[in-house]
Amino acid sequence: MTTYFNEEFETLPRTALEALQLMRLKSAVERVYNNVPFYRTAYDSARIRPDSVTSLEDLQRLPFTTKQNMRDSYPYGLFAVPMEEIVRIHASSGTTGKPTVVGYTRKDISNWADLMARSLVTASVHKGDIIHNAYGYGLFTGGLGAHYGAEQLGASVIPISGGNTKRQIMIMEDFSSTVLTCTPSYSLFLAEEAKAGGVDFRNLKLRVGIFGAEPWSESMRSEIEAKLNLTALDIYGLSEIMGPGVAQECFEGKCGLHIWEDHFIPEIINPETGERVAEGEKGELVITTITKQGIPLIRYRTRDITSITYEPCVCGRTHARIARMSGRSDDMMIIRGVNVFPSQIESILVRIEGVEPHYLLIVDRKENLDTLEVQVEVDEQIFSDEIKVLQGLSKRIEKEIKDMLGVTCTVKLVEPKTIQRSEGKAQRVIDKRAL
Amino acid sequence: MMVEQISIFIENKSGRLAEVSRILGDAGVNIRALSLADTSDFGILRLIVNDRDKAMAALKGKGFTVNKTVVVAVEVPDQPGGLASILQVLDSETINVEYMYAFVERCGSNAVIIFRFDETEKAIAVLAAKGFNMLEGERLYGI
């Protein structure tokens, strides 16, 4: 017997769900047209009147919203309500060092808590569970998002946040935590550290882990389940849309993530043409938020590659399922849960070197943690006959990247022309992580 | 009083040093003195050669990053205490040595110490005042 957080909405028959979506979509389009100049201009120039959206199919006629649009509107340009109604602001890394900013009304926060609670229940979490929440707290939506959902559900939440792994293991053990929420790579790092410290996960009370915020794979799932002795489930979310809890894999089916269609309309498109692809086919996930007030987004291009299925699920939920994210349609890398674009690193190098740099980013996973190596070619501009000058340069680049992007990296200086030149677009990233 | 040295950036991997010396050999460049400073990832090869321009052109042509730096060559008697006598003077005048290396003249009883100072002019003035003999570049290149 499946337990639901909100049975009525989670099991709405398809026709009722779509009727609800249409009603909410119309209202969302109306609201952005009236309150957000960006959308008004876009719809006016495409000659689309908000009241001409009369079916879910009409959504396809609306233009996309992109991360670039959010960047151009930095920080509050896409907010649809006056600042007095915004009670929380989050941000995620953007492509130029400027973050992407999102604002939540009180109602948005409560919807988010409900959807996160729904996601937790979908992962079999219930009142009485003790949730060890190791997602980072702060501007990043992971920590607070999972936290509010846990409280909304009535579970006991330990706001441990990230870092200090030895202490995390002690607390997990002493506090009898039953649920772990963190990035998949951090869970494996926890396992290694526990093993080194003589702690056996079989003696812990952990029962289920809810992992997200970075790409992972079925083989990683098996490894995590074996090493941490728990059921590992996938959660999906992004700050632009809300944060964690946009979609959640169910404990019963363990096959795809239910995307909460009473709040979000998912579409899968061909990232080249922008056309929708057939059910089950891979493409870029596009999400329309239909209940958000603070910053509603119409047809937001997530750049995440997945597929969708409307097949009924064994858990009884009627909401469509998206497959585990299999990549990105842009060059964004996710390193230890942090979004990093090569262009961000490039702009840091340009600032330091004063010229267009030749560089290569090598992403790897060592001892279960993502590593980033930045190879920089030494040209006459930056070369010095003194070791300390070159070492100082490496340190400075490492520090700037850490300060601007929040990612630890090592800089390796290499001879000119060692980084391969390709025709057209240079290859800037080598991802060695076997996912 | 000044000597021009060329520096070459090389990655710390096998065969790079051989490659540099082969290029110089093929170009007919003679190496007078050298030093290699290295870290775990990269090294800087510093050379005094008979023909700087030819050496730089040959190395750049093969894709190496090369630059020219001014260093000072000081002659000291090839005997115990020779180096110490210079360093003492530099120390008392608080002149910083960025790096240094040495070689012994082929004929004659002197050693030559190559210094890279952060304040080259001041160092030359101090050493000259103390009576040290500094070699002209042309003399060194032609040894």
# chains A, B, ... in the order shown; residues from 1 in each chain; ligands from 1
>>> interface_residues(of="chain A", to="chain B", cutoff="10 Å", atoms="only C-alpha atoms", output="JSON, numbers by chain")
{"A": [377, 378, 379, 380, 381, 382, 383, 384, 385, 386, 387, 388, 390, 391, 411, 412, 413, 414, 415, 416, 417, 418]}
>>> closest_atom_pairs(of="stretch 203-282 of chain A", to="stretch 64-72 of chain A", cutoff="12 Å", atoms="only C-alpha atoms", output="JSON lines")
{"residue": "A:Leu238", "atom": "CA", "partner": "A:Lys67", "partner_atom": "CA", "distance": 11.7}
{"residue": "A:Ser239", "atom": "CA", "partner": "A:Lys67", "partner_atom": "CA", "distance": 11.3}
{"residue": "A:Glu240", "atom": "CA", "partner": "A:Lys67", "partner_atom": "CA", "distance": 8.5}
{"residue": "A:Ile241", "atom": "CA", "partner": "A:Lys67", "partner_atom": "CA", "distance": 11.2}
{"residue": "A:Glu267", "atom": "CA", "partner": "A:Phe64", "partner_atom": "CA", "distance": 11.3}
{"residue": "A:Ile269", "atom": "CA", "partner": "A:Phe64", "partner_atom": "CA", "distance": 11.0}
{"residue": "A:Pro271", "atom": "CA", "partner": "A:Phe64", "partner_atom": "CA", "distance": 11.3}
{"residue": "A:Gly274", "atom": "CA", "partner": "A:Phe64", "partner_atom": "CA", "distance": 8.8}
{"residue": "A:Glu275", "atom": "CA", "partner": "A:Phe64", "partner_atom": "CA", "distance": 11.3}
>>> residues_around(residues="A:Glu373", least_positions_apart="2", cutoff="9 Å", atoms="only C-alpha atoms", output="ChimeraX atom specification")
/A:360-364,371,375,409-412
>>> residues_around(residues="A:Arg351", least_positions_apart="6", cutoff="10 Å", atoms="only C-alpha atoms", output="list in words")
Ile345, Pro357 and Ile397 of chain A
>>> write_last_selection(atoms="C-alpha atoms", output="PDB file, in the first residue's frame")
ATOM      1  CA  ILE A 345      36.543  30.034 -15.915  1.00  0.00           C
ATOM      2  CA  PRO A 357      43.672  32.100 -22.825  1.00  0.00           C
ATOM      3  CA  ILE A 397      43.820  31.451 -10.563  1.00  0.00           C
TER       4      ILE A 397
END
>>> residues_around(residues="B:Leu135", least_positions_apart="2", cutoff="12 Å", atoms="only C-alpha atoms", output="PDB file with N, CA and C atoms, in the first residue's frame")
ATOM      1  N   MET B   1      78.024  45.490 -18.308  1.00  0.00           N
ATOM      2  CA  MET B   1      77.949  44.770 -17.036  1.00  0.00           C
ATOM      3  C   MET B   1      76.803  43.770 -17.024  1.00  0.00           C
ATOM      4  N   MET B   2      75.890  43.916 -17.985  1.00  0.00           N
ATOM      5  CA  MET B   2      74.723  43.045 -17.965  1.00  0.00           C
ATOM      6  C   MET B   2      74.874  41.923 -18.976  1.00  0.00           C
ATOM      7  N   VAL B   3      74.266  40.801 -18.606  1.00  0.00           N
ATOM      8  CA  VAL B   3      74.324  39.626 -19.458  1.00  0.00           C
ATOM      9  C   VAL B   3      72.889  39.206 -19.760  1.00  0.00           C
ATOM     10  N   GLU B   4      72.628  38.844 -20.996  1.00  0.00           N
ATOM     11  CA  GLU B   4      71.279  38.397 -21.339  1.00  0.00           C
ATOM     12  C   GLU B   4      71.172  36.883 -21.248  1.00  0.00           C
ATOM     13  N   VAL B  71      70.795  39.307 -16.428  1.00  0.00           N
ATOM     14  CA  VAL B  71      71.430  38.775 -15.213  1.00  0.00           C
ATOM     15  C   VAL B  71      72.830  39.401 -15.099  1.00  0.00           C
ATOM     16  N   VAL B  72      73.482  39.125 -13.996  1.00  0.00           N
ATOM     17  CA  VAL B  72      74.810  39.695 -13.771  1.00  0.00           C
ATOM     18  C   VAL B  72      75.805  38.549 -13.554  1.00  0.00           C
ATOM     19  N   ALA B  73      76.933  38.608 -14.247  1.00  0.00           N
ATOM     20  CA  ALA B  73      77.953  37.557 -14.101  1.00  0.00           C
ATOM     21  C   ALA B  73      79.132  38.126 -13.316  1.00  0.00           C
ATOM     22  N   VAL B  74      79.425  37.526 -12.192  1.00  0.00           N
ATOM     23  CA  VAL B  74      80.486  38.047 -11.330  1.00  0.00           C
ATOM     24  C   VAL B  74      81.606  37.014 -11.269  1.00  0.00           C
ATOM     25  N   GLU B  75      82.827  37.514 -11.398  1.00  0.00           N
ATOM     26  CA  GLU B  75      83.976  36.629 -11.350  1.00  0.00           C
ATOM     27  C   GLU B  75      84.479  36.545  -9.914  1.00  0.00           C
ATOM     28  N   VAL B  76      84.717  35.337  -9.453  1.00  0.00           N
ATOM     29  CA  VAL B  76      85.311  35.190  -8.115  1.00  0.00           C
ATOM     30  C   VAL B  76      86.469  34.199  -8.217  1.00  0.00           C
ATOM     31  N   GLU B 105      85.465  28.784 -15.234  1.00  0.00           N
ATOM     32  CA  GLU B 105      86.042  29.124 -16.534  1.00  0.00           C
ATOM     33  C   GLU B 105      86.983  28.017 -17.004  1.00  0.00           C
ATOM     34  N   ASN B 110      89.398  31.356 -12.254  1.00  0.00           N
ATOM     35  CA  ASN B 110      88.211  31.991 -11.704  1.00  0.00           C
ATOM     36  C   ASN B 110      86.941  31.166 -11.923  1.00  0.00           C
ATOM     37  N   ALA B 111      85.982  31.378 -11.013  1.00  0.00           N
ATOM     38  CA  ALA B 111      84.642  30.851 -11.215  1.00  0.00           C
ATOM     39  C   ALA B 111      83.761  32.033 -11.595  1.00  0.00           C
ATOM     40  N   VAL B 112      82.665  31.726 -12.324  1.00  0.00           N
ATOM     41  CA  VAL B 112      81.725  32.789 -12.688  1.00  0.00           C
ATOM     42  C   VAL B 112      80.369  32.469 -12.051  1.00  0.00           C
ATOM     43  N   ILE B 113      79.853  33.431 -11.297  1.00  0.00           N
ATOM     44  CA  ILE B 113      78.536  33.239 -10.681  1.00  0.00           C
ATOM     45  C   ILE B 113      77.537  34.111 -11.434  1.00  0.00           C
ATOM     46  N   ILE B 114      76.453  33.479 -11.885  1.00  0.00           N
ATOM     47  CA  ILE B 114      75.389  34.234 -12.568  1.00  0.00           C
ATOM     48  C   ILE B 114      74.313  34.548 -11.526  1.00  0.00           C
ATOM     49  N   PHE B 115      73.992  35.832 -11.386  1.00  0.00           N
ATOM     50  CA  PHE B 115      72.983  36.248 -10.415  1.00  0.00           C
ATOM     51  C   PHE B 115      71.779  36.855 -11.111  1.00  0.00           C
ATOM     52  N   ILE B 124      74.712  45.961  -9.179  1.00  0.00           N
ATOM     53  CA  ILE B 124      75.934  46.209  -9.958  1.00  0.00           C
ATOM     54  C   ILE B 124      76.758  47.308  -9.295  1.00  0.00           C
ATOM     55  N   LEU B 127      78.432  45.952  -6.085  1.00  0.00           N
ATOM     56  CA  LEU B 127      79.516  45.003  -6.355  1.00  0.00           C
ATOM     57  C   LEU B 127      80.729  45.715  -6.954  1.00  0.00           C
ATOM     58  N   ALA B 128      80.450  46.678  -7.831  1.00  0.00           N
ATOM     59  CA  ALA B 128      81.555  47.422  -8.442  1.00  0.00           C
ATOM     60  C   ALA B 128      82.315  48.201  -7.370  1.00  0.00           C
ATOM     61  N   PHE B 132      84.454  43.969  -7.113  1.00  0.00           N
ATOM     62  CA  PHE B 132      84.245  42.699  -7.812  1.00  0.00           C
ATOM     63  C   PHE B 132      84.273  42.920  -9.319  1.00  0.00           C
ATOM     64  N   ASN B 133      84.798  41.920 -10.027  1.00  0.00           N
ATOM     65  CA  ASN B 133      84.865  42.027 -11.484  1.00  0.00           C
ATOM     66  C   ASN B 133      83.624  41.389 -12.107  1.00  0.00           C
ATOM     67  N   GLY B 137      78.649  40.896 -21.282  1.00  0.00           N
ATOM     68  CA  GLY B 137      77.950  39.826 -21.976  1.00  0.00           C
ATOM     69  C   GLY B 137      78.773  39.225 -23.100  1.00  0.00           C
ATOM     70  N   GLU B 138      79.329  40.106 -23.925  1.00  0.00           N
ATOM     71  CA  GLU B 138      80.049  39.636 -25.107  1.00  0.00           C
ATOM     72  C   GLU B 138      81.172  38.666 -24.736  1.00  0.00           C
ATOM     73  N   ARG B 139      81.801  38.948 -23.623  1.00  0.00           N
ATOM     74  CA  ARG B 139      82.904  38.095 -23.182  1.00  0.00           C
ATOM     75  C   ARG B 139      82.398  36.692 -22.836  1.00  0.00           C
ATOM     76  N   LEU B 140      81.242  36.715 -22.124  1.00  0.00           N
ATOM     77  CA  LEU B 140      80.675  35.454 -21.671  1.00  0.00           C
ATOM     78  C   LEU B 140      80.173  34.610 -22.851  1.00  0.00           C
ATOM     79  N   TYR B 141      79.435  35.277 -23.778  1.00  0.00           N
ATOM     80  CA  TYR B 141      78.866  34.532 -24.902  1.00  0.00           C
ATOM     81  C   TYR B 141      79.977  33.871 -25.708  1.00  0.00           C
ATOM     82  N   GLY B 142      81.148  34.520 -25.710  1.00  0.00           N
ATOM     83  CA  GLY B 142      82.213  34.042 -26.593  1.00  0.00           C
ATOM     84  C   GLY B 142      83.211  33.110 -25.931  1.00  0.00           C
ATOM     85  N   ILE B 143      82.947  32.775 -24.669  1.00  0.00           N
ATOM     86  CA  ILE B 143      83.918  31.924 -23.958  1.00  0.00           C
ATOM     87  C   ILE B 143      84.154  30.622 -24.709  1.00  0.00           C
TER      88      ILE B 143
END
>>> residues_around(residues="A:Glu252", least_positions_apart="2", cutoff="7 Å", atoms="only C-alpha atoms", output="list of chain:residue names")
A:Cys250, A:Lys254, A:Val314, A:Cys315
>>> residues_around(residues="A:Gly253", least_positions_apart="3", cutoff="12 Å", atoms="only C-alpha atoms", output="MDAnalysis selection string")
chainID A and resid 2 122:124 233:234 248:250 256:258 311:317 321
>>> select_by_dssp(residues="stretch 83-256 of chain A", states="alpha helix (DSSP H)", output="PyMOL selection string")
chain A and resi 106-122+141-153+165-174+184-196+218-228
>>> write_last_selection(atoms="C-alpha atoms", output="PDB file, in the first residue's frame")
ATOM      1  CA  ARG A 106       5.085  33.143   1.288  1.00  0.00           C
ATOM      2  CA  LYS A 107       2.795  30.979  -0.839  1.00  0.00           C
ATOM      3  CA  ASP A 108       5.770  29.827  -2.979  1.00  0.00           C
ATOM      4  CA  ILE A 109       7.635  28.753   0.162  1.00  0.00           C
ATOM      5  CA  SER A 110       4.627  26.843   1.417  1.00  0.00           C
ATOM      6  CA  ASN A 111       4.074  25.156  -1.973  1.00  0.00           C
ATOM      7  CA  TRP A 112       7.755  24.233  -2.057  1.00  0.00           C
ATOM      8  CA  ALA A 113       7.560  22.752   1.442  1.00  0.00           C
ATOM      9  CA  ASP A 114       4.480  20.757   0.381  1.00  0.00           C
ATOM     10  CA  LEU A 115       6.134  19.447  -2.780  1.00  0.00           C
ATOM     11  CA  MET A 116       9.327  18.579  -0.898  1.00  0.00           C
ATOM     12  CA  ALA A 117       7.257  16.820   1.778  1.00  0.00           C
ATOM     13  CA  ARG A 118       5.433  15.004  -1.018  1.00  0.00           C
ATOM     14  CA  SER A 119       8.814  13.995  -2.473  1.00  0.00           C
ATOM     15  CA  LEU A 120       9.988  12.708   0.905  1.00  0.00           C
ATOM     16  CA  VAL A 121       6.849  10.622   1.356  1.00  0.00           C
ATOM     17  CA  THR A 122       7.277   9.362  -2.217  1.00  0.00           C
ATOM     18  CA  THR A 141      18.369  25.789  -2.555  1.00  0.00           C
ATOM     19  CA  GLY A 142      19.314  22.246  -1.501  1.00  0.00           C
ATOM     20  CA  GLY A 143      19.641  22.617   2.260  1.00  0.00           C
ATOM     21  CA  LEU A 144      16.694  24.862   3.058  1.00  0.00           C
ATOM     22  CA  GLY A 145      14.479  23.215   0.448  1.00  0.00           C
ATOM     23  CA  ALA A 146      14.856  19.743   1.938  1.00  0.00           C
ATOM     24  CA  HIS A 147      14.667  21.200   5.453  1.00  0.00           C
ATOM     25  CA  TYR A 148      11.291  22.902   4.997  1.00  0.00           C
ATOM     26  CA  GLY A 149       9.872  19.795   3.370  1.00  0.00           C
ATOM     27  CA  ALA A 150      11.022  17.625   6.266  1.00  0.00           C
ATOM     28  CA  GLU A 151       9.402  19.979   8.788  1.00  0.00           C
ATOM     29  CA  GLN A 152       6.235  20.205   6.708  1.00  0.00           C
ATOM     30  CA  LEU A 153       6.036  16.424   6.796  1.00  0.00           C
ATOM     31  CA  THR A 165      32.625  14.651   7.518  1.00  0.00           C
ATOM     32  CA  LYS A 166      33.927  12.938  10.679  1.00  0.00           C
ATOM     33  CA  ARG A 167      31.451  14.853  12.802  1.00  0.00           C
ATOM     34  CA  GLN A 168      28.681  14.007  10.327  1.00  0.00           C
ATOM     35  CA  ILE A 169      29.370  10.309  10.805  1.00  0.00           C
ATOM     36  CA  MET A 170      29.381  10.622  14.597  1.00  0.00           C
ATOM     37  CA  ILE A 171      26.064  12.464  14.523  1.00  0.00           C
ATOM     38  CA  MET A 172      24.504  10.042  12.069  1.00  0.00           C
ATOM     39  CA  GLU A 173      25.497   7.212  14.370  1.00  0.00           C
ATOM     40  CA  ASP A 174      24.639   8.808  17.729  1.00  0.00           C
ATOM     41  CA  PRO A 184      25.361  11.146  -4.445  1.00  0.00           C
ATOM     42  CA  SER A 185      29.117  11.746  -4.532  1.00  0.00           C
ATOM     43  CA  TYR A 186      29.107  13.022  -0.966  1.00  0.00           C
ATOM     44  CA  SER A 187      27.296   9.874   0.190  1.00  0.00           C
ATOM     45  CA  LEU A 188      30.145   7.764  -1.157  1.00  0.00           C
ATOM     46  CA  PHE A 189      32.678  10.066   0.457  1.00  0.00           C
ATOM     47  CA  LEU A 190      30.832   9.604   3.759  1.00  0.00           C
ATOM     48  CA  ALA A 191      31.046   5.838   3.267  1.00  0.00           C
ATOM     49  CA  GLU A 192      34.806   5.951   2.698  1.00  0.00           C
ATOM     50  CA  GLU A 193      35.394   8.175   5.718  1.00  0.00           C
ATOM     51  CA  ALA A 194      33.197   5.987   7.902  1.00  0.00           C
ATOM     52  CA  LYS A 195      35.105   2.918   6.830  1.00  0.00           C
ATOM     53  CA  ALA A 196      38.436   4.624   7.552  1.00  0.00           C
ATOM     54  CA  GLU A 218      22.586   3.222 -12.017  1.00  0.00           C
ATOM     55  CA  SER A 219      26.018   1.782 -11.259  1.00  0.00           C
ATOM     56  CA  MET A 220      26.576   4.520  -8.680  1.00  0.00           C
ATOM     57  CA  ARG A 221      23.216   3.622  -7.183  1.00  0.00           C
ATOM     58  CA  SER A 222      24.305   0.006  -6.725  1.00  0.00           C
ATOM     59  CA  GLU A 223      27.580   1.131  -5.178  1.00  0.00           C
ATOM     60  CA  ILE A 224      25.865   3.550  -2.785  1.00  0.00           C
ATOM     61  CA  GLU A 225      23.258   0.977  -1.765  1.00  0.00           C
ATOM     62  CA  ALA A 226      25.946  -1.618  -1.086  1.00  0.00           C
ATOM     63  CA  LYS A 227      28.260   0.695   0.809  1.00  0.00           C
ATOM     64  CA  LEU A 228      25.680   2.620   2.840  1.00  0.00           C
TER      65      LEU A 228
END
>>> atom_distance(atom1="atom CA of A:Asp58", atom2="atom CA of A:Val101")
28.3 Å
>>> closest_residue(among="B:Pro77, B:Leu59, B:Val70, B:Asn30", to="B:Phe117", atoms="only C-alpha atoms")
B:Val70
